[in-house]
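Structure data (compact mmCIF, N, CA and C atoms) from work_33.txt:
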```txt
# COMPACT_ATOMS: atom_id res chain seq x y z
N MET A 1 -33.40 68.35 -1.46
CA MET A 1 -33.83 68.97 -0.21
C MET A 1 -32.64 68.97 0.75
N PRO A 2 -32.45 70.07 1.44
CA PRO A 2 -31.33 70.12 2.40
C PRO A 2 -31.63 69.28 3.64
N ASN A 3 -30.56 68.83 4.29
CA ASN A 3 -30.71 68.11 5.55
C ASN A 3 -31.36 69.01 6.59
N PHE A 4 -32.02 68.41 7.57
CA PHE A 4 -32.58 69.19 8.67
C PHE A 4 -32.46 68.38 9.95
N ILE A 5 -32.52 69.07 11.06
CA ILE A 5 -32.34 68.44 12.37
C ILE A 5 -33.64 68.54 13.15
N SER A 6 -34.02 67.43 13.76
CA SER A 6 -35.17 67.38 14.66
C SER A 6 -34.83 66.41 15.78
N ASP A 7 -35.05 66.84 17.01
CA ASP A 7 -34.74 66.01 18.18
C ASP A 7 -33.31 65.48 18.15
N HIS A 8 -32.37 66.35 17.79
CA HIS A 8 -30.94 66.03 17.77
C HIS A 8 -30.58 64.94 16.76
N HIS A 9 -31.41 64.76 15.75
CA HIS A 9 -31.15 63.76 14.71
C HIS A 9 -31.17 64.46 13.35
N VAL A 10 -30.19 64.13 12.51
CA VAL A 10 -30.13 64.71 11.17
C VAL A 10 -30.96 63.85 10.22
N PHE A 11 -31.88 64.49 9.52
CA PHE A 11 -32.72 63.80 8.53
C PHE A 11 -32.31 64.31 7.15
N HIS A 12 -32.33 63.40 6.18
CA HIS A 12 -31.91 63.74 4.83
C HIS A 12 -33.09 63.98 3.88
N ASN A 13 -34.29 63.55 4.30
CA ASN A 13 -35.47 63.77 3.46
C ASN A 13 -36.74 63.58 4.30
N PRO A 14 -37.88 64.06 3.80
CA PRO A 14 -39.13 63.97 4.56
C PRO A 14 -39.61 62.54 4.80
N VAL A 15 -39.29 61.62 3.88
CA VAL A 15 -39.71 60.23 4.07
C VAL A 15 -39.01 59.64 5.29
N GLU A 16 -37.73 59.90 5.39
CA GLU A 16 -36.96 59.43 6.55
C GLU A 16 -37.55 59.98 7.84
N PHE A 17 -37.93 61.26 7.83
CA PHE A 17 -38.54 61.88 9.01
C PHE A 17 -39.88 61.21 9.36
N ALA A 18 -40.73 61.02 8.35
CA ALA A 18 -42.04 60.39 8.58
C ALA A 18 -41.86 58.97 9.13
N MET A 19 -40.92 58.22 8.56
CA MET A 19 -40.70 56.85 9.02
C MET A 19 -40.15 56.82 10.44
N SER A 20 -39.45 57.86 10.85
CA SER A 20 -38.96 57.90 12.23
C SER A 20 -40.12 58.05 13.20
N LYS A 21 -41.22 58.60 12.73
CA LYS A 21 -42.39 58.81 13.58
C LYS A 21 -43.34 57.62 13.58
N ILE A 22 -43.51 56.95 12.42
CA ILE A 22 -44.50 55.86 12.36
C ILE A 22 -43.89 54.52 11.96
N GLY A 23 -42.59 54.49 11.69
CA GLY A 23 -41.95 53.26 11.24
C GLY A 23 -41.60 52.34 12.39
N GLY A 24 -40.90 51.30 12.07
CA GLY A 24 -40.52 50.30 13.06
C GLY A 24 -41.47 49.12 13.01
N THR A 25 -41.24 48.20 13.87
CA THR A 25 -42.00 46.95 13.86
C THR A 25 -43.43 47.12 14.37
N TYR A 26 -43.66 48.02 15.31
CA TYR A 26 -44.95 48.01 16.01
C TYR A 26 -45.83 49.25 15.85
N LYS A 27 -45.27 50.39 15.48
CA LYS A 27 -46.10 51.60 15.43
C LYS A 27 -47.18 51.51 14.35
N MET A 28 -46.84 50.98 13.19
CA MET A 28 -47.86 50.85 12.13
C MET A 28 -48.96 49.88 12.52
N PRO A 29 -48.63 48.71 13.09
CA PRO A 29 -49.73 47.83 13.53
C PRO A 29 -50.61 48.46 14.60
N ILE A 30 -50.02 49.27 15.47
CA ILE A 30 -50.82 49.96 16.49
C ILE A 30 -51.76 50.95 15.81
N LEU A 31 -51.23 51.77 14.92
CA LEU A 31 -52.07 52.75 14.21
C LEU A 31 -53.17 52.05 13.41
N TRP A 32 -52.83 50.93 12.78
CA TRP A 32 -53.80 50.20 11.97
C TRP A 32 -54.97 49.71 12.84
N ARG A 33 -54.67 49.24 14.04
CA ARG A 33 -55.71 48.75 14.93
C ARG A 33 -56.58 49.90 15.46
N ILE A 34 -55.94 50.97 15.86
CA ILE A 34 -56.65 52.06 16.52
C ILE A 34 -57.45 52.93 15.55
N LYS A 35 -57.24 52.76 14.25
CA LYS A 35 -57.87 53.65 13.27
C LYS A 35 -59.39 53.64 13.31
N ASP A 36 -60.01 52.54 13.73
CA ASP A 36 -61.47 52.42 13.69
C ASP A 36 -62.18 52.56 15.03
N ARG A 37 -61.43 52.36 16.12
CA ARG A 37 -62.06 52.45 17.43
C ARG A 37 -61.00 52.59 18.51
N ALA A 38 -61.43 52.96 19.70
CA ALA A 38 -60.51 53.06 20.83
C ALA A 38 -60.15 51.64 21.31
N TRP A 39 -58.92 51.48 21.73
CA TRP A 39 -58.44 50.20 22.22
C TRP A 39 -57.85 50.37 23.61
N ARG A 40 -58.02 49.37 24.43
CA ARG A 40 -57.38 49.34 25.74
C ARG A 40 -55.99 48.72 25.59
N TYR A 41 -55.13 49.05 26.54
CA TYR A 41 -53.75 48.54 26.50
C TYR A 41 -53.73 47.02 26.40
N SER A 42 -54.52 46.36 27.22
CA SER A 42 -54.52 44.88 27.25
C SER A 42 -54.98 44.29 25.92
N GLU A 43 -55.92 44.97 25.25
CA GLU A 43 -56.37 44.50 23.93
C GLU A 43 -55.24 44.59 22.91
N LEU A 44 -54.53 45.71 22.93
CA LEU A 44 -53.40 45.87 22.01
C LEU A 44 -52.32 44.84 22.29
N ALA A 45 -52.01 44.64 23.55
CA ALA A 45 -50.97 43.68 23.92
C ALA A 45 -51.33 42.28 23.44
N ALA A 46 -52.60 41.91 23.56
CA ALA A 46 -53.03 40.57 23.16
C ALA A 46 -53.09 40.41 21.65
N SER A 47 -53.28 41.52 20.93
CA SER A 47 -53.49 41.42 19.47
C SER A 47 -52.22 41.55 18.64
N ILE A 48 -51.13 41.97 19.24
CA ILE A 48 -49.88 42.17 18.49
C ILE A 48 -48.89 41.08 18.92
N PRO A 49 -48.64 40.14 18.03
CA PRO A 49 -47.74 39.02 18.39
C PRO A 49 -46.33 39.50 18.74
N HIS A 50 -45.78 38.91 19.76
CA HIS A 50 -44.37 39.06 20.14
C HIS A 50 -44.01 40.44 20.68
N ILE A 51 -44.96 41.31 20.97
CA ILE A 51 -44.61 42.63 21.51
C ILE A 51 -44.48 42.52 23.03
N SER A 52 -43.41 43.08 23.55
CA SER A 52 -43.22 43.09 25.01
C SER A 52 -44.01 44.26 25.59
N HIS A 53 -44.27 44.18 26.89
CA HIS A 53 -44.99 45.29 27.54
C HIS A 53 -44.15 46.56 27.48
N ARG A 54 -42.86 46.41 27.62
CA ARG A 54 -41.97 47.58 27.55
C ARG A 54 -42.06 48.25 26.18
N MET A 55 -42.03 47.46 25.11
CA MET A 55 -42.07 48.01 23.76
C MET A 55 -43.43 48.62 23.46
N LEU A 56 -44.51 47.96 23.88
CA LEU A 56 -45.85 48.51 23.65
C LEU A 56 -45.98 49.84 24.38
N SER A 57 -45.55 49.90 25.62
CA SER A 57 -45.61 51.16 26.38
C SER A 57 -44.81 52.26 25.70
N LYS A 58 -43.62 51.91 25.23
CA LYS A 58 -42.75 52.89 24.55
C LYS A 58 -43.41 53.41 23.28
N CYS A 59 -43.94 52.51 22.46
CA CYS A 59 -44.58 52.93 21.20
C CYS A 59 -45.81 53.78 21.47
N LEU A 60 -46.63 53.38 22.43
CA LEU A 60 -47.83 54.16 22.75
C LEU A 60 -47.45 55.55 23.26
N LYS A 61 -46.42 55.62 24.08
CA LYS A 61 -45.96 56.91 24.60
C LYS A 61 -45.48 57.81 23.45
N GLU A 62 -44.66 57.25 22.55
CA GLU A 62 -44.14 58.04 21.43
C GLU A 62 -45.26 58.48 20.48
N LEU A 63 -46.19 57.58 20.17
CA LEU A 63 -47.31 57.94 19.30
C LEU A 63 -48.18 59.01 19.93
N THR A 64 -48.33 58.96 21.25
CA THR A 64 -49.10 59.99 21.97
C THR A 64 -48.35 61.31 21.95
N GLU A 65 -47.06 61.29 22.28
CA GLU A 65 -46.26 62.51 22.29
C GLU A 65 -46.19 63.17 20.92
N ASP A 66 -46.18 62.36 19.85
CA ASP A 66 -46.10 62.89 18.50
C ASP A 66 -47.47 63.26 17.91
N GLY A 67 -48.54 63.07 18.69
CA GLY A 67 -49.86 63.52 18.27
C GLY A 67 -50.61 62.59 17.33
N PHE A 68 -50.21 61.32 17.25
CA PHE A 68 -50.90 60.37 16.39
C PHE A 68 -52.07 59.68 17.10
N ILE A 69 -51.96 59.56 18.42
CA ILE A 69 -53.03 58.95 19.21
C ILE A 69 -53.21 59.76 20.49
N THR A 70 -54.34 59.54 21.14
CA THR A 70 -54.58 60.15 22.45
C THR A 70 -54.77 59.05 23.47
N LYS A 71 -54.47 59.37 24.71
CA LYS A 71 -54.63 58.44 25.82
C LYS A 71 -55.66 59.05 26.77
N GLU A 72 -56.69 58.27 27.06
CA GLU A 72 -57.72 58.75 27.99
C GLU A 72 -57.80 57.78 29.16
N ILE A 73 -57.68 58.33 30.36
CA ILE A 73 -57.77 57.53 31.58
C ILE A 73 -59.11 57.81 32.23
N PHE A 74 -59.88 56.76 32.44
CA PHE A 74 -61.20 56.89 33.05
C PHE A 74 -61.08 56.65 34.56
N PRO A 75 -61.66 57.56 35.36
CA PRO A 75 -61.54 57.45 36.82
C PRO A 75 -62.46 56.37 37.39
N GLU A 76 -62.06 55.14 37.19
CA GLU A 76 -62.81 53.99 37.69
C GLU A 76 -61.89 53.17 38.58
N VAL A 77 -62.44 52.21 39.25
CA VAL A 77 -61.62 51.30 40.04
C VAL A 77 -61.79 49.90 39.48
N PRO A 78 -60.76 49.30 38.89
CA PRO A 78 -59.45 49.90 38.60
C PRO A 78 -59.56 50.88 37.43
N PRO A 79 -58.60 51.80 37.31
CA PRO A 79 -58.65 52.78 36.22
C PRO A 79 -58.62 52.08 34.85
N ARG A 80 -59.38 52.63 33.93
CA ARG A 80 -59.43 52.11 32.55
C ARG A 80 -58.75 53.14 31.65
N THR A 81 -57.86 52.66 30.78
CA THR A 81 -57.15 53.53 29.85
C THR A 81 -57.48 53.09 28.43
N GLU A 82 -57.82 54.07 27.58
CA GLU A 82 -58.10 53.79 26.18
C GLU A 82 -57.26 54.70 25.29
N TYR A 83 -56.86 54.13 24.17
CA TYR A 83 -56.09 54.88 23.17
C TYR A 83 -56.94 55.05 21.93
N SER A 84 -56.99 56.28 21.41
CA SER A 84 -57.79 56.62 20.23
C SER A 84 -56.93 57.35 19.22
N ILE A 85 -57.37 57.33 17.98
CA ILE A 85 -56.63 57.97 16.89
C ILE A 85 -56.97 59.46 16.83
N THR A 86 -56.00 60.25 16.41
CA THR A 86 -56.20 61.68 16.18
C THR A 86 -56.30 61.92 14.67
N GLU A 87 -56.53 63.16 14.28
CA GLU A 87 -56.55 63.48 12.85
C GLU A 87 -55.20 63.18 12.20
N ARG A 88 -54.12 63.50 12.89
CA ARG A 88 -52.78 63.19 12.38
C ARG A 88 -52.63 61.67 12.23
N GLY A 89 -53.13 60.94 13.19
CA GLY A 89 -53.06 59.48 13.13
C GLY A 89 -53.90 58.90 12.01
N LYS A 90 -55.05 59.53 11.73
CA LYS A 90 -55.89 59.07 10.61
C LYS A 90 -55.16 59.21 9.29
N LYS A 91 -54.47 60.34 9.11
CA LYS A 91 -53.68 60.54 7.88
C LYS A 91 -52.59 59.47 7.78
N ALA A 92 -51.93 59.21 8.90
CA ALA A 92 -50.87 58.20 8.91
C ALA A 92 -51.44 56.81 8.64
N SER A 93 -52.62 56.51 9.17
CA SER A 93 -53.19 55.17 8.95
C SER A 93 -53.56 54.96 7.49
N GLU A 94 -53.89 56.04 6.77
CA GLU A 94 -54.13 55.92 5.32
C GLU A 94 -52.84 55.48 4.62
N ILE A 95 -51.73 56.07 5.02
CA ILE A 95 -50.43 55.70 4.45
C ILE A 95 -50.09 54.26 4.82
N VAL A 96 -50.37 53.89 6.06
CA VAL A 96 -50.12 52.52 6.50
C VAL A 96 -50.93 51.55 5.63
N GLY A 97 -52.17 51.90 5.31
CA GLY A 97 -53.01 51.06 4.45
C GLY A 97 -52.41 50.89 3.06
N ILE A 98 -51.90 51.98 2.51
CA ILE A 98 -51.26 51.93 1.19
C ILE A 98 -50.01 51.04 1.24
N LEU A 99 -49.20 51.20 2.28
CA LEU A 99 -48.00 50.37 2.43
C LEU A 99 -48.37 48.90 2.64
N ARG A 100 -49.45 48.68 3.38
CA ARG A 100 -49.92 47.30 3.62
C ARG A 100 -50.32 46.64 2.30
N ASP A 101 -51.09 47.37 1.50
CA ASP A 101 -51.51 46.83 0.20
C ASP A 101 -50.31 46.57 -0.70
N TYR A 102 -49.37 47.50 -0.72
CA TYR A 102 -48.17 47.34 -1.54
C TYR A 102 -47.34 46.15 -1.06
N GLY A 103 -47.22 46.02 0.25
CA GLY A 103 -46.50 44.89 0.81
C GLY A 103 -47.14 43.56 0.43
N THR A 104 -48.47 43.51 0.43
CA THR A 104 -49.18 42.30 0.03
C THR A 104 -48.90 41.97 -1.43
N GLU A 105 -48.90 42.99 -2.28
CA GLU A 105 -48.56 42.78 -3.70
C GLU A 105 -47.13 42.26 -3.86
N LEU A 106 -46.20 42.86 -3.15
CA LEU A 106 -44.81 42.42 -3.23
C LEU A 106 -44.65 40.97 -2.78
N MET A 107 -45.36 40.63 -1.71
CA MET A 107 -45.28 39.26 -1.21
C MET A 107 -45.76 38.28 -2.28
N LYS A 108 -46.85 38.63 -2.97
CA LYS A 108 -47.34 37.77 -4.05
C LYS A 108 -46.31 37.68 -5.16
N ASP A 109 -45.69 38.81 -5.52
CA ASP A 109 -44.67 38.83 -6.57
C ASP A 109 -43.50 37.93 -6.22
N TYR A 110 -43.18 37.84 -4.96
CA TYR A 110 -42.06 37.03 -4.51
C TYR A 110 -42.48 35.60 -4.13
N GLY A 111 -43.77 35.30 -4.31
CA GLY A 111 -44.25 33.96 -4.00
C GLY A 111 -44.38 33.68 -2.51
N ILE A 112 -44.56 34.73 -1.73
CA ILE A 112 -44.68 34.58 -0.27
C ILE A 112 -46.16 34.61 0.08
N GLN A 113 -46.60 33.66 0.86
CA GLN A 113 -48.00 33.61 1.26
C GLN A 113 -48.16 34.29 2.61
N SER A 114 -49.18 35.14 2.75
CA SER A 114 -49.44 35.78 4.03
C SER A 114 -50.16 34.81 4.95
N HIS A 115 -50.04 35.07 6.23
CA HIS A 115 -50.67 34.19 7.23
C HIS A 115 -52.00 34.69 7.64
```

Final structure tokens representation of the file:
Amino acid sequence: MPNFISDHHVFHNPVEFAMSKIGGTYKMPILWRIKDRAWRYSELAASIPHISHRMLSKCLKELTEDGFITKEIFPEVPPRTEYSITERGKKASEIVGILRDYGTELMKDYGIQSH
């Protein structure tokens, strides 16, 4: 497959492109959590170990901009914000599930116990 450019970045294959959208330390855990129900920002922050508010905000913004999740702000006092999965996000969460299962198998193969 020939190289292609997206957002001023050269990609060498579709896997690299997909991982740029859902890869990294936190995007997959966010998608995995949101796949079944809407989550509030504070719930996500409390459920993902070691994530900073800056990083959570950045990941949520990128996932929203890329169409994997939606952000809904409810006009209440104080305002309530919820993040939900989109159809694109549901497809990605299926892949995340497959990677999660494969990672669990690899950990067993290497004698690593999950927490």

Mind giving me the straight-line distance from atom CA of A:Ser93 to atom CA of A:Met1 in Å, one decimal? 25.5 Å

Close residues, stretch 31-42 of chain A itself excluded, 10 Å, only C-alpha atoms, min 4 positions apart in chain, as a ChimeraX atom specification: /A:22,26-27,46-48,53,56-57,60,63,68-72,80-87,89-97,100

What does the file look like for those residues with N, CA and C atoms, as a compact mmCIF listing (two decimals), in the coordinates of the input?
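Once everything was written out, this is selection.txt:
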```
# COMPACT_ATOMS: atom_id res chain seq x y z
N ILE A 22 -43.51 56.95 12.42
CA ILE A 22 -44.50 55.86 12.36
C ILE A 22 -43.89 54.52 11.96
N TYR A 26 -43.66 48.02 15.31
CA TYR A 26 -44.95 48.01 16.01
C TYR A 26 -45.83 49.25 15.85
N LYS A 27 -45.27 50.39 15.48
CA LYS A 27 -46.10 51.60 15.43
C LYS A 27 -47.18 51.51 14.35
N ALA A 46 -52.60 41.91 23.56
CA ALA A 46 -53.03 40.57 23.16
C ALA A 46 -53.09 40.41 21.65
N SER A 47 -53.28 41.52 20.93
CA SER A 47 -53.49 41.42 19.47
C SER A 47 -52.22 41.55 18.64
N ILE A 48 -51.13 41.97 19.24
CA ILE A 48 -49.88 42.17 18.49
C ILE A 48 -48.89 41.08 18.92
N HIS A 53 -44.27 44.18 26.89
CA HIS A 53 -44.99 45.29 27.54
C HIS A 53 -44.15 46.56 27.48
N LEU A 56 -44.51 47.96 23.88
CA LEU A 56 -45.85 48.51 23.65
C LEU A 56 -45.98 49.84 24.38
N SER A 57 -45.55 49.90 25.62
CA SER A 57 -45.61 51.16 26.38
C SER A 57 -44.81 52.26 25.70
N LEU A 60 -46.63 53.38 22.43
CA LEU A 60 -47.83 54.16 22.75
C LEU A 60 -47.45 55.55 23.26
N LEU A 63 -46.19 57.58 20.17
CA LEU A 63 -47.31 57.94 19.30
C LEU A 63 -48.18 59.01 19.93
N PHE A 68 -50.21 61.32 17.25
CA PHE A 68 -50.90 60.37 16.39
C PHE A 68 -52.07 59.68 17.10
N ILE A 69 -51.96 59.56 18.42
CA ILE A 69 -53.03 58.95 19.21
C ILE A 69 -53.21 59.76 20.49
N THR A 70 -54.34 59.54 21.14
CA THR A 70 -54.58 60.15 22.45
C THR A 70 -54.77 59.05 23.47
N LYS A 71 -54.47 59.37 24.71
CA LYS A 71 -54.63 58.44 25.82
C LYS A 71 -55.66 59.05 26.77
N GLU A 72 -56.69 58.27 27.06
CA GLU A 72 -57.72 58.75 27.99
C GLU A 72 -57.80 57.78 29.16
N ARG A 80 -59.38 52.63 33.93
CA ARG A 80 -59.43 52.11 32.55
C ARG A 80 -58.75 53.14 31.65
N THR A 81 -57.86 52.66 30.78
CA THR A 81 -57.15 53.53 29.85
C THR A 81 -57.48 53.09 28.43
N GLU A 82 -57.82 54.07 27.58
CA GLU A 82 -58.10 53.79 26.18
C GLU A 82 -57.26 54.70 25.29
N TYR A 83 -56.86 54.13 24.17
CA TYR A 83 -56.09 54.88 23.17
C TYR A 83 -56.94 55.05 21.93
N SER A 84 -56.99 56.28 21.41
CA SER A 84 -57.79 56.62 20.23
C SER A 84 -56.93 57.35 19.22
N ILE A 85 -57.37 57.33 17.98
CA ILE A 85 -56.63 57.97 16.89
C ILE A 85 -56.97 59.46 16.83
N THR A 86 -56.00 60.25 16.41
CA THR A 86 -56.20 61.68 16.18
C THR A 86 -56.30 61.92 14.67
N GLU A 87 -56.53 63.16 14.28
CA GLU A 87 -56.55 63.48 12.85
C GLU A 87 -55.20 63.18 12.20
N GLY A 89 -53.13 60.94 13.19
CA GLY A 89 -53.06 59.48 13.13
C GLY A 89 -53.90 58.90 12.01
N LYS A 90 -55.05 59.53 11.73
CA LYS A 90 -55.89 59.07 10.61
C LYS A 90 -55.16 59.21 9.29
N LYS A 91 -54.47 60.34 9.11
CA LYS A 91 -53.68 60.54 7.88
C LYS A 91 -52.59 59.47 7.78
N ALA A 92 -51.93 59.21 8.90
CA ALA A 92 -50.87 58.20 8.91
C ALA A 92 -51.44 56.81 8.64
N SER A 93 -52.62 56.51 9.17
CA SER A 93 -53.19 55.17 8.95
C SER A 93 -53.56 54.96 7.49
N GLU A 94 -53.89 56.04 6.77
CA GLU A 94 -54.13 55.92 5.32
C GLU A 94 -52.84 55.48 4.62
N ILE A 95 -51.73 56.07 5.02
CA ILE A 95 -50.43 55.70 4.45
C ILE A 95 -50.09 54.26 4.82
N VAL A 96 -50.37 53.89 6.06
CA VAL A 96 -50.12 52.52 6.50
C VAL A 96 -50.93 51.55 5.63
N GLY A 97 -52.17 51.90 5.31
CA GLY A 97 -53.01 51.06 4.45
C GLY A 97 -52.41 50.89 3.06
N ARG A 100 -49.45 48.68 3.38
CA ARG A 100 -49.92 47.30 3.62
C ARG A 100 -50.32 46.64 2.30
```

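Atom N of A:Val10 is found 22.1 Å from atom CA of A:Met28.
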
May I ask for the distance between atom N of A:Lys21 and atom CA of A:Glu62, given in Å to one decimal place? 9.2 Å

Can you report as lines of an AutoDock Vina configuration file the centre and edge lengths in Å, to one decimal, of an axis-aligned box around the listed atoms of stretch 34-53 of chain A padded with 4 Å on each side?
```
center_x = -52.7
center_y = 46.3
center_z = 20.4
size_x = 27.0
size_y = 22.7
size_z = 22.3
```

List every residue of stretch 8-63 of chain A that DSSP, applied to the backbone of this structure, assigns to helix (DSSP H, G or I), and report them as a compact mmCIF listing (two decimals) with N, CA and C atoms, in the coordinates of the input.
```txt
# COMPACT_ATOMS: atom_id res chain seq x y z
N PRO A 14 -37.88 64.06 3.80
CA PRO A 14 -39.13 63.97 4.56
C PRO A 14 -39.61 62.54 4.80
N VAL A 15 -39.29 61.62 3.88
CA VAL A 15 -39.71 60.23 4.07
C VAL A 15 -39.01 59.64 5.29
N GLU A 16 -37.73 59.90 5.39
CA GLU A 16 -36.96 59.43 6.55
C GLU A 16 -37.55 59.98 7.84
N PHE A 17 -37.93 61.26 7.83
CA PHE A 17 -38.54 61.88 9.01
C PHE A 17 -39.88 61.21 9.36
N ALA A 18 -40.73 61.02 8.35
CA ALA A 18 -42.04 60.39 8.58
C ALA A 18 -41.86 58.97 9.13
N MET A 19 -40.92 58.22 8.56
CA MET A 19 -40.70 56.85 9.02
C MET A 19 -40.15 56.82 10.44
N SER A 20 -39.45 57.86 10.85
CA SER A 20 -38.96 57.90 12.23
C SER A 20 -40.12 58.05 13.20
N LYS A 21 -41.22 58.60 12.73
CA LYS A 21 -42.39 58.81 13.58
C LYS A 21 -43.34 57.62 13.58
N ILE A 22 -43.51 56.95 12.42
CA ILE A 22 -44.50 55.86 12.36
C ILE A 22 -43.89 54.52 11.96
N LYS A 27 -45.27 50.39 15.48
CA LYS A 27 -46.10 51.60 15.43
C LYS A 27 -47.18 51.51 14.35
N MET A 28 -46.84 50.98 13.19
CA MET A 28 -47.86 50.85 12.13
C MET A 28 -48.96 49.88 12.52
N PRO A 29 -48.63 48.71 13.09
CA PRO A 29 -49.73 47.83 13.53
C PRO A 29 -50.61 48.46 14.60
N ILE A 30 -50.02 49.27 15.47
CA ILE A 30 -50.82 49.96 16.49
C ILE A 30 -51.76 50.95 15.81
N LEU A 31 -51.23 51.77 14.92
CA LEU A 31 -52.07 52.75 14.21
C LEU A 31 -53.17 52.05 13.41
N TRP A 32 -52.83 50.93 12.78
CA TRP A 32 -53.80 50.20 11.97
C TRP A 32 -54.97 49.71 12.84
N ARG A 33 -54.67 49.24 14.04
CA ARG A 33 -55.71 48.75 14.93
C ARG A 33 -56.58 49.90 15.46
N ILE A 34 -55.94 50.97 15.86
CA ILE A 34 -56.65 52.06 16.52
C ILE A 34 -57.45 52.93 15.55
N TYR A 41 -55.13 49.05 26.54
CA TYR A 41 -53.75 48.54 26.50
C TYR A 41 -53.73 47.02 26.40
N SER A 42 -54.52 46.36 27.22
CA SER A 42 -54.52 44.88 27.25
C SER A 42 -54.98 44.29 25.92
N GLU A 43 -55.92 44.97 25.25
CA GLU A 43 -56.37 44.50 23.93
C GLU A 43 -55.24 44.59 22.91
N LEU A 44 -54.53 45.71 22.93
CA LEU A 44 -53.40 45.87 22.01
C LEU A 44 -52.32 44.84 22.29
N ALA A 45 -52.01 44.64 23.55
CA ALA A 45 -50.97 43.68 23.92
C ALA A 45 -51.33 42.28 23.44
N ALA A 46 -52.60 41.91 23.56
CA ALA A 46 -53.03 40.57 23.16
C ALA A 46 -53.09 40.41 21.65
N SER A 47 -53.28 41.52 20.93
CA SER A 47 -53.49 41.42 19.47
C SER A 47 -52.22 41.55 18.64
N HIS A 53 -44.27 44.18 26.89
CA HIS A 53 -44.99 45.29 27.54
C HIS A 53 -44.15 46.56 27.48
N ARG A 54 -42.86 46.41 27.62
CA ARG A 54 -41.97 47.58 27.55
C ARG A 54 -42.06 48.25 26.18
N MET A 55 -42.03 47.46 25.11
CA MET A 55 -42.07 48.01 23.76
C MET A 55 -43.43 48.62 23.46
N LEU A 56 -44.51 47.96 23.88
CA LEU A 56 -45.85 48.51 23.65
C LEU A 56 -45.98 49.84 24.38
N SER A 57 -45.55 49.90 25.62
CA SER A 57 -45.61 51.16 26.38
C SER A 57 -44.81 52.26 25.70
N LYS A 58 -43.62 51.91 25.23
CA LYS A 58 -42.75 52.89 24.55
C LYS A 58 -43.41 53.41 23.28
N CYS A 59 -43.94 52.51 22.46
CA CYS A 59 -44.58 52.93 21.20
C CYS A 59 -45.81 53.78 21.47
N LEU A 60 -46.63 53.38 22.43
CA LEU A 60 -47.83 54.16 22.75
C LEU A 60 -47.45 55.55 23.26
N LYS A 61 -46.42 55.62 24.08
CA LYS A 61 -45.96 56.91 24.60
C LYS A 61 -45.48 57.81 23.45
N GLU A 62 -44.66 57.25 22.55
CA GLU A 62 -44.14 58.04 21.43
C GLU A 62 -45.26 58.48 20.48
N LEU A 63 -46.19 57.58 20.17
CA LEU A 63 -47.31 57.94 19.30
C LEU A 63 -48.18 59.01 19.93
```
